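Trainee: Input input_4.pdb, format and content: PDB, C-alpha atoms and all ligand atoms.
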ATOM      1  CA  MET U   1      54.940 117.811 192.276
ATOM      2  CA  GLY U   2      54.967 114.072 192.759
ATOM      3  CA  THR U   3      55.699 113.585 189.084
ATOM      4  CA  ILE U   4      58.632 115.954 189.287
ATOM      5  CA  LEU U   5      60.016 114.235 192.352
ATOM      6  CA  GLY U   6      59.411 110.880 190.753
ATOM      7  CA  THR U   7      61.929 111.566 188.029
ATOM      8  CA  MET U   8      65.642 111.132 188.554
ATOM      9  CA  ALA U   9      66.233 114.647 187.256
ATOM     10  CA  LEU U  10      66.697 115.955 190.785
ATOM     11  CA  ILE U  11      69.637 113.709 191.440
ATOM     12  CA  ARG U  12      72.825 115.714 191.164
ATOM     13  CA  ARG U  13      76.397 115.118 192.073
ATOM     14  CA  TYR U  14      78.428 117.257 194.400
ATOM     15  CA  ARG U  15      81.877 117.033 195.894
ATOM     16  CA  VAL U  16      83.264 118.485 199.095
ATOM     17  CA  PRO U  17      86.299 120.660 198.313
ATOM     18  CA  GLY U  18      89.506 119.698 200.061
ATOM     19  CA  MET U  19      88.209 116.304 201.133
ATOM     20  CA  PRO U  20      88.486 114.010 198.126
ATOM     21  CA  HIS U  21      88.426 110.907 200.308
ATOM     22  CA  LEU U  22      85.031 112.057 201.584
ATOM     23  CA  ARG U  23      83.580 112.607 198.187
ATOM     24  CA  ALA U  24      80.070 111.334 197.896
ATOM     25  CA  HIS U  25      77.403 111.209 195.293
ATOM     26  CA  VAL U  26      74.599 113.400 196.520
ATOM     27  CA  ALA U  27      70.994 113.552 195.596
ATOM     28  CA  ASP U  28      69.100 116.445 197.066
ATOM     29  CA  LEU U  29      65.404 116.603 197.553
ATOM     30  CA  GLY U  30      64.288 119.992 198.796
ATOM     31  CA  LEU U  31      60.759 120.172 200.153
ATOM     32  CA  ALA U  32      60.665 123.360 202.242
ATOM     33  CA  CYS U  33      62.708 126.188 203.738
ATOM     34  CA  CYS U  34      65.584 123.978 204.933
ATOM     35  CA  ALA U  35      66.393 123.491 201.279
ATOM     36  CA  VAL U  36      67.574 127.097 201.270
ATOM     37  CA  GLU U  37      70.400 126.068 203.590
ATOM     38  CA  PHE U  38      71.446 123.430 201.110
ATOM     39  CA  VAL U  39      71.473 126.066 198.397
ATOM     40  CA  ALA U  40      73.535 128.271 200.733
ATOM     41  CA  ALA U  41      76.070 125.473 201.116
ATOM     42  CA  VAL U  42      76.356 125.249 197.353
ATOM     43  CA  SER U  43      76.510 129.013 196.824
ATOM     44  CA  ARG U  44      79.279 129.298 199.436
ATOM     45  CA  GLY U  45      81.307 126.605 197.721
ATOM     46  CA  LEU U  46      80.967 124.082 200.545
ATOM     47  CA  LEU U  47      79.461 121.757 197.994
ATOM     48  CA  VAL U  48      80.456 121.926 194.361
ATOM     49  CA  PRO U  49      78.126 120.616 191.667
ATOM     50  CA  GLU U  50      79.661 118.161 189.271
ATOM     51  CA  PRO U  51      78.593 118.359 185.664
ATOM     52  CA  THR U  52      76.128 115.718 184.706
ATOM     53  CA  GLU U  53      73.117 116.038 182.487
ATOM     54  CA  ASP U  54      72.084 112.463 182.982
ATOM     55  CA  ALA U  55      71.265 111.425 186.518
ATOM     56  CA  SER U  56      71.970 107.804 185.712
ATOM     57  CA  ALA U  57      75.571 108.787 185.140
ATOM     58  CA  ALA U  58      75.783 109.697 188.806
ATOM     59  CA  VAL U  59      74.534 106.361 190.020
ATOM     60  CA  GLY U  60      75.450 104.009 187.208
ATOM     61  CA  PRO U  61      77.288 100.715 187.550
ATOM     62  CA  GLU U  62      80.528 102.402 186.595
ATOM     63  CA  ALA U  63      80.431 104.458 189.772
ATOM     64  CA  ASP U  64      83.339 104.067 192.153
ATOM     65  CA  GLN U  65      82.478 101.375 194.674
ATOM     66  CA  GLN U  66      83.948 103.526 197.437
ATOM     67  CA  THR U  67      81.599 106.388 196.802
ATOM     68  CA  VAL U  68      78.230 106.595 198.442
ATOM     69  CA  ASP U  69      74.992 107.860 196.961
ATOM     70  CA  VAL U  70      73.540 110.176 199.552
ATOM     71  CA  LEU U  71      69.940 111.280 199.450
ATOM     72  CA  ILE U  72      69.618 114.588 201.259
ATOM     73  CA  VAL U  73      66.050 115.360 202.223
ATOM     74  CA  SER U  74      65.425 118.851 203.518
ATOM     75  CA  GLY U  75      62.001 120.044 204.556
ATOM     76  CA  THR U  76      58.525 118.792 205.256
ATOM     77  CA  LEU U  77      57.539 115.443 203.837
ATOM     78  CA  THR U  78      53.833 115.066 203.249
ATOM     79  CA  HIS U  79      52.191 111.691 202.980
ATOM     80  CA  ALA U  80      51.348 112.532 199.374
ATOM     81  CA  LEU U  81      55.052 112.802 198.587
ATOM     82  CA  GLU U  82      56.109 109.601 200.335
ATOM     83  CA  PRO U  83      55.793 107.428 197.186
ATOM     84  CA  ALA U  84      57.921 109.894 195.238
ATOM     85  CA  LEU U  85      60.554 109.907 197.968
ATOM     86  CA  LEU U  86      60.569 106.127 197.962
ATOM     87  CA  ARG U  87      61.024 106.040 194.183
ATOM     88  CA  VAL U  88      64.015 108.357 194.395
ATOM     89  CA  TRP U  89      65.496 106.276 197.220
ATOM     90  CA  GLU U  90      65.019 103.020 195.351
ATOM     91  CA  GLY U  91      66.629 104.584 192.292
ATOM     92  CA  LEU U  92      69.928 105.010 194.098
ATOM     93  CA  THR U  93      72.512 102.296 193.774
ATOM     94  CA  GLN U  94      74.307 100.619 196.666
ATOM     95  CA  PRO U  95      75.948 101.706 198.820
ATOM     96  CA  ARG U  96      73.478 104.441 199.608
ATOM     97  CA  ALA U  97      72.544 106.530 202.589
ATOM     98  CA  ALA U  98      69.800 108.972 203.506
ATOM     99  CA  LEU U  99      70.453 112.190 205.360
ATOM    100  CA  ALA U 100      67.540 113.887 207.115
ATOM    101  CA  PHE U 101      68.303 117.602 207.215
ATOM    102  CA  GLY U 102      66.315 119.692 209.676
ATOM    103  CA  ALA U 103      63.578 119.265 212.251
ATOM    104  CA  CYS U 104      60.751 118.928 209.741
ATOM    105  CA  THR U 105      62.538 116.163 207.885
ATOM    106  CA  ILE U 106      63.429 114.373 211.097
ATOM    107  CA  SER U 107      60.123 114.589 212.943
ATOM    108  CA  GLY U 108      57.617 116.652 210.995
ATOM    109  CA  GLY U 109      58.670 119.740 212.929
ATOM    110  CA  PRO U 110      55.829 122.092 213.871
ATOM    111  CA  TYR U 111      53.508 120.115 211.620
ATOM    112  CA  TRP U 112      54.204 116.726 213.216
ATOM    113  CA  ASP U 113      50.555 116.107 214.128
ATOM    114  CA  SER U 114      49.064 117.270 210.852
ATOM    115  CA  TYR U 115      46.978 114.693 209.021
ATOM    116  CA  ALA U 116      48.999 115.452 205.887
ATOM    117  CA  VAL U 117      52.549 115.417 207.229
ATOM    118  CA  ALA U 118      54.814 112.434 207.789
ATOM    119  CA  PRO U 119      56.338 112.533 211.290
ATOM    120  CA  GLY U 120      59.800 112.079 209.872
ATOM    121  CA  ILE U 121      61.151 110.600 206.667
ATOM    122  CA  ASP U 122      62.240 107.477 208.521
ATOM    123  CA  HIS U 123      58.621 106.437 208.251
ATOM    124  CA  ALA U 124      59.264 106.057 204.527
ATOM    125  CA  ILE U 125      62.968 105.273 204.086
ATOM    126  CA  PRO U 126      65.852 104.245 206.367
ATOM    127  CA  VAL U 127      67.804 107.247 207.600
ATOM    128  CA  THR U 128      71.545 106.972 208.126
ATOM    129  CA  ARG U 129      72.162 110.376 209.635
ATOM    130  CA  TYR U 130      70.055 113.103 211.223
ATOM    131  CA  VAL U 131      71.003 116.786 211.203
ATOM    132  CA  PRO U 132      68.880 118.613 213.794
ATOM    133  CA  GLY U 133      68.004 122.294 213.675
ATOM    134  CA  CYS U 134      65.429 124.725 212.369
ATOM    135  CA  PRO U 135      67.162 125.218 210.131
ATOM    136  CA  PRO U 136      70.575 123.578 210.547
ATOM    137  CA  ARG U 137      73.457 125.648 209.266
ATOM    138  CA  PRO U 138      75.139 124.733 205.975
ATOM    139  CA  GLU U 139      78.255 123.747 207.936
ATOM    140  CA  ALA U 140      76.198 121.117 209.758
ATOM    141  CA  LEU U 141      75.330 119.591 206.412
ATOM    142  CA  ILE U 142      78.974 119.388 205.439
ATOM    143  CA  GLU U 143      79.915 117.915 208.805
ATOM    144  CA  ALA U 144      77.228 115.267 208.475
ATOM    145  CA  LEU U 145      78.286 114.411 204.941
ATOM    146  CA  ALA U 146      81.897 114.128 206.010
ATOM    147  CA  GLY U 147      81.058 111.840 208.902
ATOM    148  CA  LEU U 148      78.750 109.775 206.782
ATOM    149  CA  ALA U 149      81.256 109.368 203.998
ATOM    150  CA  GLU U 150      84.049 108.485 206.395
ATOM    151  CA  SER U 151      82.066 105.877 208.290
ATOM    152  CA  SER U 152      80.527 104.431 205.139
ATOM    153  CA  VAL U 153      83.693 104.183 203.105
ATOM    154  CA  THR U 154      85.945 102.952 205.860
ATOM    155  CA  ALA U 155      83.520 100.646 207.602
ATOM    156  CA  GLY U 156      81.082  99.780 204.793
ATOM    157  CA  LYS U 157      78.103 100.807 206.907
ATOM    158  CA  ALA U 158      76.011 102.425 204.199
ATOM    159  CA  SER U 159      73.034 100.457 203.013
TER
HETATM  160  S1  LIG N 201      63.085 122.680 210.156
HETATM  161 FE1  LIG N 201      62.555 124.863 210.229
HETATM  162  S2  LIG N 201      63.703 125.796 208.517
HETATM  163 FE2  LIG N 201      63.632 123.562 208.164
HETATM  164  S3  LIG N 201      61.846 123.189 206.829
HETATM  165 FE3  LIG N 201      61.166 122.961 208.994
HETATM  166  S4  LIG N 201      60.387 124.991 209.570
HETATM  167 FE4  LIG N 201      61.647 125.256 207.713
END
Would you write the structure of this file as structure tokens?

Mentor:
Amino acid sequence: MGTILGTMALIRRYRVPGMPHLRAHVADLGLACCAVEFVAAVSRGLLVPEPTEDASAAVGPEADQQTVDVLIVSGTLTHALEPALLRVWEGLTQPRAALAFGACTISGGPYWDSYAVAPGIDHAIPVTRYVPGCPPRPEALIEALAGLAESSVTAGKAS
């Protein structure tokens, strides 16, 4: 699993229909059931995949400087997966932002005191935006992305 997450193959690009000024590069990293909500957002057309076979094309130096690479993490992060998460995060170009989607991603959820579970991904990477819920609805993901893109692009807050 760590090897799979360690590759850049999971980085994909999506756009938000009807909001071109909020378009962001998105990398999704699904670890548990919250990832289903991300898939629901895609299947409902709230997020539209952009064709790219090569992940580096999504985050290469030719990328628009006003776009933001967003790492969406959805689900339970175990300590064993922390290095893989960090590799994915460090593979994103600036400006970048991390979005913690769901209670498990934010705090470890019901497994917060497990020896194997990280009590939130902000123990591994800096989080720009938190989307609470168990699980949050797909619309909450879109709302968070829109807010993140707007604040990042207009105020240059992404890091
Ligand atoms: S927050 Fe709830 S729905 Fe999301 S991964 Fe945790 S248990 Fe599953």

Trainee: May I ask you to write as a PyMOL selection string all residues lying at most 12 Å from ligand LIG 201 (chain N), with all atoms listed in the file counted?

Mentor: chain U and resi 29-38+73-78+100-112+117+119-120+130-138

Trainee: For CA of Asp69 (chain U) and CA of Leu92 (chain U), quote the distance in Å rounded to one decimal.

Mentor: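 These atoms are spaced 6.5 Å apart.
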
Trainee: So how many Å separate CA of His79 (chain U) and CA of Gly91 (chain U), to one decimal?

Mentor: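 Separation between CA of His79 (chain U) and CA of Gly91 (chain U): 19.3 Å.
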
Trainee: Just how far from CA of Val48 (chain U) is CA of Trp89 (chain U), in Å to one decimal?

Mentor: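 Here the two named atoms are 21.8 Å from each other.
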
Trainee: Between U:Glu82, U:Glu90, U:Glu139, U:Glu50, which residue has the minimum interatomic distance to His123 (chain U), considering all atoms listed in the file?

Mentor: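 Nearest candidate to His123 (chain U) out of U:Glu82, U:Glu90, U:Glu139, U:Glu50: U:Glu82.
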